[in-house]
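J.: Data file my_file-v1.cif (mmCIF, C-alpha atoms and all ligand atoms) is appended below.
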```cif
data_run
#
loop_
_atom_site.label_atom_id
_atom_site.label_comp_id
_atom_site.auth_asym_id
_atom_site.auth_seq_id
_atom_site.Cartn_x
_atom_site.Cartn_y
_atom_site.Cartn_z
CA MET A 1 -33.53 -12.98 -6.64
CA ILE A 2 -32.49 -9.36 -6.08
CA LYS A 3 -29.67 -8.87 -3.55
CA GLY A 4 -29.37 -5.81 -1.36
CA LYS A 5 -26.92 -5.07 1.48
CA LYS A 6 -29.17 -6.35 4.29
CA ILE A 7 -32.00 -8.05 2.43
CA SER A 8 -32.85 -10.19 -0.56
CA LEU A 9 -36.03 -9.83 -2.61
CA VAL A 10 -37.71 -13.04 -3.72
CA LEU A 11 -40.61 -13.21 -6.17
CA THR A 12 -43.95 -13.88 -4.46
CA ALA A 13 -46.18 -16.84 -5.34
CA MET A 14 -49.96 -17.22 -5.03
CA ASP A 15 -49.47 -19.02 -1.69
CA ASP A 16 -48.06 -15.79 -0.25
CA ARG A 17 -51.09 -13.64 -1.03
CA ARG A 18 -52.97 -14.19 2.25
CA ARG A 19 -49.99 -13.50 4.53
CA VAL A 20 -49.00 -10.48 2.48
CA TYR A 21 -52.52 -9.13 3.09
CA GLU A 22 -52.28 -9.88 6.81
CA TRP A 23 -48.93 -8.16 7.16
CA CYS A 24 -50.39 -5.04 5.55
CA PHE A 25 -53.88 -4.91 6.99
CA LYS A 26 -54.03 -7.21 10.03
CA SER A 27 -50.70 -6.68 11.76
CA GLU A 28 -49.23 -4.34 14.34
CA THR A 29 -47.84 -2.14 11.54
CA THR A 30 -51.31 -1.56 10.00
CA LYS A 31 -51.95 1.43 12.26
CA SER A 32 -49.10 3.30 10.55
CA HIS A 33 -51.05 3.65 7.32
CA SER A 34 -54.70 2.52 7.60
CA GLY A 35 -57.74 2.53 9.85
CA PRO A 36 -58.67 4.50 12.97
CA PRO A 37 -57.53 6.25 15.05
CA ASP A 38 -54.99 7.92 12.75
CA TYR A 39 -56.58 7.09 9.38
CA PRO A 40 -60.36 7.06 9.86
CA ASP A 41 -60.85 7.92 6.19
CA LYS A 42 -58.70 5.00 5.01
CA PRO A 43 -60.57 1.90 6.16
CA VAL A 44 -58.90 -1.50 6.35
CA PRO A 45 -60.08 -3.57 3.35
CA THR A 46 -61.21 -7.17 3.55
CA TYR A 47 -59.06 -9.87 1.96
CA GLU A 48 -61.57 -10.07 -0.88
CA GLU A 49 -61.28 -6.31 -1.50
CA PHE A 50 -57.49 -6.58 -1.34
CA CYS A 51 -57.52 -9.26 -4.05
CA ALA A 52 -60.03 -7.50 -6.28
CA SER A 53 -58.91 -3.89 -6.01
CA TYR A 54 -55.37 -3.75 -4.64
CA TYR A 55 -53.39 -6.85 -5.51
CA GLU A 56 -54.69 -8.88 -8.41
CA GLU A 57 -53.21 -12.29 -9.17
CA TYR A 58 -50.52 -11.06 -11.52
CA TYR A 59 -48.56 -9.53 -8.62
CA PHE A 60 -48.10 -13.11 -7.40
CA THR A 61 -47.91 -15.04 -10.68
CA GLY A 62 -45.72 -12.75 -12.79
CA THR A 63 -48.00 -12.88 -15.82
CA ARG A 64 -47.95 -9.09 -16.33
CA PRO A 65 -44.44 -7.89 -15.36
CA SER A 66 -44.85 -4.57 -17.15
CA ASP A 67 -47.95 -3.84 -15.03
CA GLY A 68 -46.68 -4.93 -11.60
CA ARG A 69 -45.02 -7.60 -9.43
CA GLY A 70 -44.58 -8.41 -5.76
CA PHE A 71 -41.54 -9.56 -3.77
CA LEU A 72 -40.95 -10.94 -0.29
CA ILE A 73 -38.29 -9.10 1.70
CA ILE A 74 -35.90 -11.57 3.37
CA ALA A 75 -33.48 -10.28 6.02
CA ASP A 76 -30.07 -11.76 5.18
CA GLY A 77 -27.46 -13.20 7.47
CA ALA A 78 -27.26 -15.46 10.47
CA ALA A 79 -28.16 -12.70 12.94
CA ALA A 80 -31.42 -12.06 11.08
CA ASP A 81 -32.01 -15.81 10.65
CA ASN A 82 -33.04 -15.23 7.01
CA GLU A 83 -36.47 -14.20 8.28
CA THR A 84 -39.17 -12.97 5.90
CA VAL A 85 -39.77 -9.43 7.15
CA GLY A 86 -42.18 -7.88 4.67
CA PHE A 87 -43.39 -7.21 1.15
CA ILE A 88 -42.52 -4.73 -1.59
CA SER A 89 -44.10 -4.26 -5.01
CA TYR A 90 -44.05 -2.06 -8.06
CA CYS A 91 -46.87 -1.25 -10.43
CA ALA A 92 -47.01 0.73 -13.63
CA PHE A 93 -50.31 -0.12 -15.35
CA HIS A 94 -51.78 3.28 -14.42
CA LEU A 95 -48.77 5.52 -15.02
CA LYS A 96 -47.21 7.40 -17.92
CA PRO A 97 -44.42 5.55 -19.77
CA SER A 98 -41.20 4.72 -17.86
CA ILE A 99 -42.67 5.49 -14.42
CA ALA A 100 -43.29 2.87 -11.70
CA GLU A 101 -44.95 3.25 -8.31
CA LEU A 102 -43.59 1.38 -5.27
CA ASP A 103 -45.39 0.12 -2.18
CA ILE A 104 -43.84 -1.49 0.88
CA TRP A 105 -44.75 -2.77 4.32
CA LEU A 106 -42.93 -4.75 6.98
CA ASN A 107 -44.69 -7.36 9.10
CA SER A 108 -43.80 -6.31 12.66
CA GLU A 109 -42.60 -3.31 14.63
CA ALA A 110 -39.52 -5.34 15.61
CA ASN A 111 -38.47 -5.45 11.96
CA CYS A 112 -38.95 -1.70 11.43
CA GLY A 113 -36.16 0.80 11.93
CA LYS A 114 -33.37 -1.63 11.02
CA GLY A 115 -32.82 -0.37 7.49
CA TYR A 116 -34.58 -3.27 5.77
CA GLY A 117 -37.18 -1.00 4.17
CA SER A 118 -34.65 1.45 2.73
CA ASP A 119 -32.46 -1.35 1.43
CA ALA A 120 -35.45 -3.01 -0.25
CA LEU A 121 -36.48 0.27 -1.91
CA ILE A 122 -32.96 0.96 -3.22
CA SER A 123 -32.51 -2.62 -4.44
CA LEU A 124 -35.87 -2.86 -6.21
CA GLY A 125 -35.45 0.62 -7.68
CA ASP A 126 -32.05 -0.25 -9.15
CA TYR A 127 -33.47 -3.45 -10.60
CA LEU A 128 -36.41 -1.61 -12.17
CA HIS A 129 -34.08 0.91 -13.75
CA GLU A 130 -31.32 -1.44 -14.87
CA GLU A 131 -33.34 -4.48 -15.92
CA LEU A 132 -36.76 -3.09 -16.89
CA GLY A 133 -35.78 0.38 -18.08
CA PHE A 134 -37.92 2.49 -15.73
CA LYS A 135 -36.62 6.08 -15.49
CA GLU A 136 -38.61 7.46 -12.59
CA LEU A 137 -40.09 5.99 -9.40
CA ILE A 138 -42.91 7.38 -7.33
CA ILE A 139 -44.07 6.53 -3.82
CA ALA A 140 -47.00 8.17 -2.06
CA PRO A 141 -47.46 7.59 1.70
CA SER A 142 -49.53 9.61 4.12
CA ALA A 143 -47.71 12.80 5.07
CA LYS A 144 -48.36 11.75 8.69
CA ASN A 145 -46.34 8.55 8.28
CA VAL A 146 -43.08 10.18 9.32
CA ARG A 147 -41.12 6.93 9.55
CA ALA A 148 -42.10 5.97 6.00
CA VAL A 149 -41.26 9.39 4.58
CA LYS A 150 -37.86 9.32 6.32
CA SER A 151 -37.11 5.85 5.01
CA TYR A 152 -38.03 6.89 1.47
CA GLU A 153 -35.81 9.98 1.69
CA LYS A 154 -32.96 7.76 2.91
CA SER A 155 -33.57 5.66 -0.21
CA GLY A 156 -33.05 8.60 -2.55
CA PHE A 157 -36.63 9.78 -2.97
CA LYS A 158 -37.40 13.50 -2.79
CA LYS A 159 -40.68 15.23 -2.01
CA THR A 160 -42.20 16.81 -5.09
CA GLY A 161 -44.72 19.61 -5.45
CA LYS A 162 -46.28 17.82 -8.44
CA ALA A 163 -49.81 16.48 -8.17
CA MET A 164 -50.46 12.76 -8.51
CA SER A 165 -52.43 13.43 -11.69
CA GLU A 166 -49.22 14.52 -13.45
CA PHE A 167 -47.88 10.97 -13.27
CA LEU A 168 -51.08 9.18 -14.22
CA LEU A 169 -52.43 8.13 -17.59
CA ASP A 170 -55.52 10.21 -18.37
CA GLU A 171 -57.96 7.34 -17.86
CA TYR A 172 -56.77 6.81 -14.28
CA ILE A 173 -56.87 10.42 -13.07
CA SER A 174 -60.43 10.17 -11.80
CA VAL A 175 -59.58 6.94 -9.91
CA TYR A 176 -56.18 7.70 -8.39
CA GLY A 177 -55.72 11.48 -8.86
CA GLY A 178 -56.36 12.32 -5.21
CA GLY A 179 -53.71 9.94 -3.84
CA ASP A 180 -54.54 7.36 -1.16
CA TYR A 181 -54.95 10.01 1.55
CA GLY A 182 -56.41 12.88 -0.43
CA ALA A 183 -54.53 15.67 -2.17
CA ASP A 184 -53.60 17.52 1.05
CA GLU A 185 -52.52 14.51 3.13
CA THR A 186 -50.64 12.44 0.55
CA ALA A 187 -46.88 13.03 0.37
CA ILE A 188 -45.59 12.40 -3.15
CA LEU A 189 -41.93 11.48 -3.43
CA THR A 190 -40.03 10.65 -6.60
CA LYS A 191 -36.65 9.24 -7.56
CA LYS A 192 -35.28 9.93 -11.03
CA PHE A 193 -32.49 7.95 -12.68
CA SER A 194 -30.07 9.80 -14.90
CA PRO A 195 -29.93 8.69 -18.58
CA GLN A 196 -26.45 7.18 -18.03
CA GLY A 197 -27.75 5.13 -15.11
C1 LIG A 201 -42.17 2.32 6.15
C2 LIG A 201 -41.21 1.15 6.31
C3 LIG A 201 -41.32 0.24 5.09
C4 LIG A 201 -39.77 1.71 6.35
O1 LIG A 201 -38.88 0.65 6.49
P1 LIG A 201 -37.84 0.63 7.74
O2 LIG A 201 -36.96 -0.54 7.54
O3 LIG A 201 -38.59 0.73 9.01
O4 LIG A 201 -37.07 1.99 7.47
P2 LIG A 201 -35.57 2.35 7.81
O5 LIG A 201 -35.14 1.64 9.05
O6 LIG A 201 -34.79 2.15 6.59
O7 LIG A 201 -35.70 3.91 8.07
C5 LIG A 201 -36.63 4.45 8.98
C6 LIG A 201 -36.08 5.75 9.54
O8 LIG A 201 -37.14 6.44 10.23
C7 LIG A 201 -36.71 6.80 11.52
N1 LIG A 201 -37.89 6.83 12.37
C8 LIG A 201 -38.55 5.83 12.93
N2 LIG A 201 -39.62 6.29 13.59
C9 LIG A 201 -39.63 7.63 13.44
C10 LIG A 201 -40.47 8.69 13.87
N3 LIG A 201 -41.54 8.45 14.61
N4 LIG A 201 -40.14 9.95 13.50
C11 LIG A 201 -39.08 10.20 12.74
N5 LIG A 201 -38.24 9.24 12.28
C12 LIG A 201 -38.53 7.97 12.63
C13 LIG A 201 -35.70 5.74 11.89
O9 LIG A 201 -34.86 6.17 12.92
C14 LIG A 201 -34.98 5.56 10.54
O10 LIG A 201 -34.04 6.58 10.29
P3 LIG A 201 -32.46 6.41 10.62
O11 LIG A 201 -32.00 5.16 9.92
O12 LIG A 201 -31.85 7.66 10.06
O13 LIG A 201 -32.34 6.28 12.10
C15 LIG A 201 -41.50 0.35 7.62
O14 LIG A 201 -41.21 1.15 8.74
C16 LIG A 201 -42.93 -0.15 7.69
O15 LIG A 201 -43.27 -1.16 7.10
N6 LIG A 201 -43.78 0.56 8.46
C17 LIG A 201 -45.15 0.11 8.70
C18 LIG A 201 -45.99 0.03 7.44
C19 LIG A 201 -45.92 1.31 6.63
O16 LIG A 201 -46.02 2.41 7.18
N7 LIG A 201 -45.75 1.15 5.32
C20 LIG A 201 -45.69 2.27 4.42
C21 LIG A 201 -47.03 2.57 3.89
S1 LIG A 201 -46.89 3.88 2.68
#
```
Is it possible to give me this structure as structure tokens?
Ligand SMILES: CC(C)(COP(=O)(O)OP(=O)(O)OC[C@H]1O[C@@H](n2cnc3c(N)ncnc32)[C@H](O)[C@@H]1OP(=O)(O)O)[C@@H](O)C(=O)NCCC(=O)NCCS
T.:
Amino acid sequence: MIKGKKISLVLTAMDDRRRVYEWCFKSETTKSHSGPPDYPDKPVPTYEEFCASYYEEYYFTGTRPSDGRGFLIIADGAAADNETVGFISYCAFHLKPSIAELDIWLNSEANCGKGYGSDALISLGDYLHEELGFKELIIAPSAKNVRAVKSYEKSGFKKTGKAMSEFLLDEYISVYGGGDYGADETAILTKKFSPQG
């Protein structure tokens, strides 16, 4: 378990896969990042597409920790009732050495804006640096997703002028080089750790 100030991160299991999908793509927070009206060019995938193309089994089984892993975000404390409020993951299979990409979504509007997202990003980032040796993190929301960008900046990420292709291994440039929202609409933010930590 990874402990933050407001949240804990708990490794996901296969049983969590369906609800993690629903929080992302079938919940009231989906409209912030996918589907019409704001994201007509980013359709909501089916569960089968999610499993095949977005979140393969190893995110939930831990069999490929150097490629990626998922975590449940649990809000700590009596006031929060230790509620599960969302999901965060890292992946690195497609990136140059020592770089990991983060993804995060909370499961309701009521859980947004309380600092859970920022705390999860800081906590997972520190773990990835201290325990797994990653030196740089990247996160790439839609530029229109103002709340997400603000949360990531609060978590120590900074907007970069670099293109997504600069972070990717050559064989993945044709697949992921445009970013999820296209080169003009994807905001790329990075967080670098100093060599001393
Ligand atoms: C993005 C997300 C993970 C951030 O987590 P969070 O816990 O809501 O973020 P935080 O509370 O730490 O920070 C959000 C900040 O944005 C601000 N904010 C909220 N709505 C805003 C808006 N419309 N415009 C500007 N700022 C906004 C909040 O006030 C807060 O800043 P503050 O703490 O300085 O007041 C969460 O909001 C979420 O899951 N959203 C829906 C799904 C999503 O968009 N996922 C990201 C896909 S890339």
J.: Would you name the residues within 6 Å of ligand LIG 201 (chain A), counting all atoms listed in the file, and put them as a compact mmCIF listing (two decimals) with C-alpha atoms, in the coordinates of the input?
T.:
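pocket-v8.txt, written as the output of this step:
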```txt
# COMPACT_ATOMS: atom_id res chain seq x y z
CA THR A 29 -47.84 -2.14 11.54
CA SER A 32 -49.10 3.30 10.55
CA HIS A 33 -51.05 3.65 7.32
CA ILE A 104 -43.84 -1.49 0.88
CA TRP A 105 -44.75 -2.77 4.32
CA LEU A 106 -42.93 -4.75 6.98
CA CYS A 112 -38.95 -1.70 11.43
CA GLY A 113 -36.16 0.80 11.93
CA LYS A 114 -33.37 -1.63 11.02
CA GLY A 115 -32.82 -0.37 7.49
CA TYR A 116 -34.58 -3.27 5.77
CA GLY A 117 -37.18 -1.00 4.17
CA SER A 118 -34.65 1.45 2.73
CA PRO A 141 -47.46 7.59 1.70
CA VAL A 146 -43.08 10.18 9.32
CA ARG A 147 -41.12 6.93 9.55
CA ALA A 148 -42.10 5.97 6.00
CA LYS A 150 -37.86 9.32 6.32
CA SER A 151 -37.11 5.85 5.01
```
J.: What would the list of residues within 10 Å of (-59.5, -7.4, 2.9) (file frame) look like as a VMD selection string, if only C-alpha atoms are what count?
T.: chain A and resid 18 21 to 22 24 to 26 43 to 54
J.: Nearest residue to Thr12 (chain A) out of A:Glu136, A:Asp41, A:Glu185, A:Glu57, using all atoms listed in the file?
T.: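 Among the listed residues, the smallest separation from Thr12 (chain A) belongs to A:Glu57.
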J.: Would you kindly return, as an MDAnalysis selection string, each protein, DNA or RNA residue with an atom no farther than 12 Å from any atom of Ala140 (chain A), considering only C-alpha atoms and excluding same-chain residues fewer than 6 positions away?
T.: chainID A and resid 33 100:104 148:149 152:153 157:160 162:164 167 176:191
J.: Calculate how many Å separate CA of Leu124 (chain A) from CA of Val20 (chain A), rounding to one decimal.
T.: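 Straight-line distance from CA of Leu124 (chain A) to CA of Val20 (chain A) works out to 17.5 Å.
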J.: Could you name the residues that touch Lys31 (chain A) at 12 Å or less, counting only C-alpha atoms, but leaving out those on the same chain fewer than 3 positions away, as a PyMOL selection string?
T.: chain A and resi 23-28+34-40+42-44+105+107-109+142+144-145
J.: Using Å and a single decimal, report how far CA of Asp170 (chain A) sits from CA of Ser194 (chain A).
T.: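 So the two atoms, CA of Ser194 (chain A) and CA of Asp170 (chain A), lie 25.7 Å apart.
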J.: CA of Leu121 (chain A) and CA of Ser155 (chain A), how far apart in Å?
T.: 6.4 Å
J.: I need the residue nearest Leu9 (chain A) from this list: A:Arg69, A:Lys154, A:Lys135, A:His94. Use only C-alpha atoms for the distance.
T.: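 Between A:Arg69, A:Lys154, A:Lys135, A:His94, the residue approaching Leu9 (chain A) most closely is A:Arg69.
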J.: Taking (-46.9, -17.2, -4.4) in the file's coordinates as the center, which residues reach within 7 Å of it, counting only C-alpha atoms, put as a compact mmCIF listing (two decimals) with C-alpha atoms, in the coordinates of the input?
T.:
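Written out: selection_0.txt:
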```txt
# COMPACT_ATOMS: atom_id res chain seq x y z
CA THR A 12 -43.95 -13.88 -4.46
CA ALA A 13 -46.18 -16.84 -5.34
CA MET A 14 -49.96 -17.22 -5.03
CA ASP A 15 -49.47 -19.02 -1.69
CA ASP A 16 -48.06 -15.79 -0.25
CA ARG A 17 -51.09 -13.64 -1.03
CA PHE A 60 -48.10 -13.11 -7.40
CA THR A 61 -47.91 -15.04 -10.68
```
J.: Please determine, counting all atoms listed in the file, which residue among A:Asp76, A:Leu168, A:Thr30, A:Gly161 has the shortest atom-to-atom distance to Ala92 (chain A).
T.: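 Looking at the shortest contact to Ala92 (chain A), the residue is A:Leu168.
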J.: Looking at all atoms listed in the file, which of A:Ser8, A:Cys91, A:Ile139, A:Ser98 is the one that sits closest to Tyr59 (chain A)?
T.: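 Smallest separation from Tyr59 (chain A) among the options: A:Cys91.
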J.: Please determine, counting all atoms listed in the file, which residue among A:Val10, A:Ile2, A:Leu137, A:Ile173 has the shortest atom-to-atom distance to Tyr90 (chain A).
T.: A:Leu137
J.: Calculated over all atoms listed in the file, which of the candidates A:Gly70, A:Gly156, A:Pro97, A:Gly77 has the smallest distance to Asp119 (chain A)?
T.: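 Nearest candidate to Asp119 (chain A) out of A:Gly70, A:Gly156, A:Pro97, A:Gly77: A:Gly156.
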J.: Export N, CA, C and O atoms of region 126-150 of chain A from the structure just given, as an mmCIF file, in the first residue's frame?
T.:
```cif
data_model
loop_
_atom_site.group_PDB
_atom_site.id
_atom_site.type_symbol
_atom_site.label_atom_id
_atom_site.label_comp_id
_atom_site.auth_asym_id
_atom_site.auth_seq_id
_atom_site.Cartn_x
_atom_site.Cartn_y
_atom_site.Cartn_z
ATOM 1 N N ASP A 126 6.157 9.636 -6.313
ATOM 2 C CA ASP A 126 7.272 9.418 -5.377
ATOM 3 C C ASP A 126 7.631 7.937 -5.301
ATOM 4 O O ASP A 126 8.815 7.567 -5.282
ATOM 5 N N TYR A 127 6.614 7.105 -5.280
ATOM 6 C CA TYR A 127 6.857 5.650 -5.240
ATOM 7 C C TYR A 127 7.606 5.202 -6.497
ATOM 8 O O TYR A 127 8.576 4.431 -6.417
ATOM 9 N N LEU A 128 7.176 5.677 -7.641
ATOM 10 C CA LEU A 128 7.813 5.261 -8.905
ATOM 11 C C LEU A 128 9.275 5.696 -8.956
ATOM 12 O O LEU A 128 10.136 4.977 -9.463
ATOM 13 N N HIS A 129 9.538 6.871 -8.407
ATOM 14 C CA HIS A 129 10.921 7.356 -8.384
ATOM 15 C C HIS A 129 11.749 6.597 -7.342
ATOM 16 O O HIS A 129 12.814 6.062 -7.656
ATOM 17 N N GLU A 130 11.225 6.528 -6.133
ATOM 18 C CA GLU A 130 12.028 5.974 -5.030
ATOM 19 C C GLU A 130 12.152 4.446 -5.094
ATOM 20 O O GLU A 130 13.212 3.891 -4.786
ATOM 21 N N GLU A 131 11.103 3.775 -5.482
ATOM 22 C CA GLU A 131 11.117 2.304 -5.433
ATOM 23 C C GLU A 131 11.440 1.671 -6.790
ATOM 24 O O GLU A 131 12.039 0.612 -6.840
ATOM 25 N N LEU A 132 11.021 2.292 -7.872
ATOM 26 C CA LEU A 132 11.225 1.666 -9.189
ATOM 27 C C LEU A 132 12.239 2.413 -10.050
ATOM 28 O O LEU A 132 12.555 1.980 -11.158
ATOM 29 N N GLY A 133 12.750 3.544 -9.559
ATOM 30 C CA GLY A 133 13.852 4.209 -10.236
ATOM 31 C C GLY A 133 13.484 5.060 -11.445
ATOM 32 O O GLY A 133 14.359 5.460 -12.218
ATOM 33 N N PHE A 134 12.182 5.351 -11.638
ATOM 34 C CA PHE A 134 11.817 6.232 -12.759
ATOM 35 C C PHE A 134 12.326 7.646 -12.471
ATOM 36 O O PHE A 134 12.318 8.119 -11.337
ATOM 37 N N LYS A 135 12.774 8.330 -13.553
ATOM 38 C CA LYS A 135 13.369 9.667 -13.378
ATOM 39 C C LYS A 135 12.468 10.773 -13.897
ATOM 40 O O LYS A 135 12.670 11.949 -13.588
ATOM 41 N N GLU A 136 11.530 10.418 -14.746
ATOM 42 C CA GLU A 136 10.650 11.441 -15.318
ATOM 43 C C GLU A 136 9.252 10.860 -15.501
ATOM 44 O O GLU A 136 9.108 9.701 -15.908
ATOM 45 N N LEU A 137 8.244 11.674 -15.205
ATOM 46 C CA LEU A 137 6.846 11.270 -15.386
ATOM 47 C C LEU A 137 6.214 12.157 -16.434
ATOM 48 O O LEU A 137 6.566 13.336 -16.560
ATOM 49 N N ILE A 138 5.266 11.568 -17.154
ATOM 50 C CA ILE A 138 4.545 12.330 -18.168
ATOM 51 C C ILE A 138 3.057 12.065 -17.983
ATOM 52 O O ILE A 138 2.652 10.972 -17.572
ATOM 53 N N ILE A 139 2.251 13.095 -18.261
ATOM 54 C CA ILE A 139 0.799 12.931 -18.216
ATOM 55 C C ILE A 139 0.224 13.812 -19.320
ATOM 56 O O ILE A 139 0.728 14.920 -19.553
ATOM 57 N N ALA A 140 -0.787 13.323 -20.025
ATOM 58 C CA ALA A 140 -1.179 14.004 -21.270
ATOM 59 C C ALA A 140 -2.697 14.088 -21.422
ATOM 60 O O ALA A 140 -3.295 13.347 -22.192
ATOM 61 N N PRO A 141 -3.335 15.018 -20.686
ATOM 62 C CA PRO A 141 -4.786 15.200 -20.808
ATOM 63 C C PRO A 141 -5.142 16.053 -22.025
ATOM 64 O O PRO A 141 -4.263 16.581 -22.703
ATOM 65 N N SER A 142 -6.439 16.204 -22.253
ATOM 66 C CA SER A 142 -6.884 17.206 -23.212
ATOM 67 C C SER A 142 -6.564 18.589 -22.655
ATOM 68 O O SER A 142 -6.765 18.844 -21.460
ATOM 69 N N ALA A 143 -6.142 19.493 -23.521
ATOM 70 C CA ALA A 143 -5.899 20.871 -23.074
ATOM 71 C C ALA A 143 -7.187 21.515 -22.554
ATOM 72 O O ALA A 143 -7.150 22.452 -21.761
ATOM 73 N N LYS A 144 -8.333 20.995 -23.002
ATOM 74 C CA LYS A 144 -9.633 21.549 -22.567
ATOM 75 C C LYS A 144 -9.997 21.118 -21.147
ATOM 76 O O LYS A 144 -10.899 21.690 -20.546
ATOM 77 N N ASN A 145 -9.358 20.104 -20.640
ATOM 78 C CA ASN A 145 -9.705 19.556 -19.325
ATOM 79 C C ASN A 145 -8.983 20.378 -18.246
ATOM 80 O O ASN A 145 -7.978 19.964 -17.667
ATOM 81 N N VAL A 146 -9.525 21.569 -18.012
ATOM 82 C CA VAL A 146 -8.848 22.566 -17.169
ATOM 83 C C VAL A 146 -8.628 22.055 -15.754
ATOM 84 O O VAL A 146 -7.581 22.276 -15.142
ATOM 85 N N ARG A 147 -9.640 21.346 -15.230
ATOM 86 C CA ARG A 147 -9.507 20.825 -13.856
ATOM 87 C C ARG A 147 -8.351 19.819 -13.775
ATOM 88 O O ARG A 147 -7.577 19.846 -12.812
ATOM 89 N N ALA A 148 -8.243 18.963 -14.775
ATOM 90 C CA ALA A 148 -7.152 17.980 -14.763
ATOM 91 C C ALA A 148 -5.796 18.686 -14.853
ATOM 92 O O ALA A 148 -4.883 18.392 -14.071
ATOM 93 N N VAL A 149 -5.681 19.621 -15.779
ATOM 94 C CA VAL A 149 -4.393 20.317 -15.944
ATOM 95 C C VAL A 149 -4.013 21.014 -14.643
ATOM 96 O O VAL A 149 -2.864 20.950 -14.185
ATOM 97 N N LYS A 150 -5.006 21.644 -13.982
ATOM 98 C CA LYS A 150 -4.704 22.359 -12.731
ATOM 99 C C LYS A 150 -4.254 21.377 -11.648
ATOM 100 O O LYS A 150 -3.297 21.643 -10.905
#
```
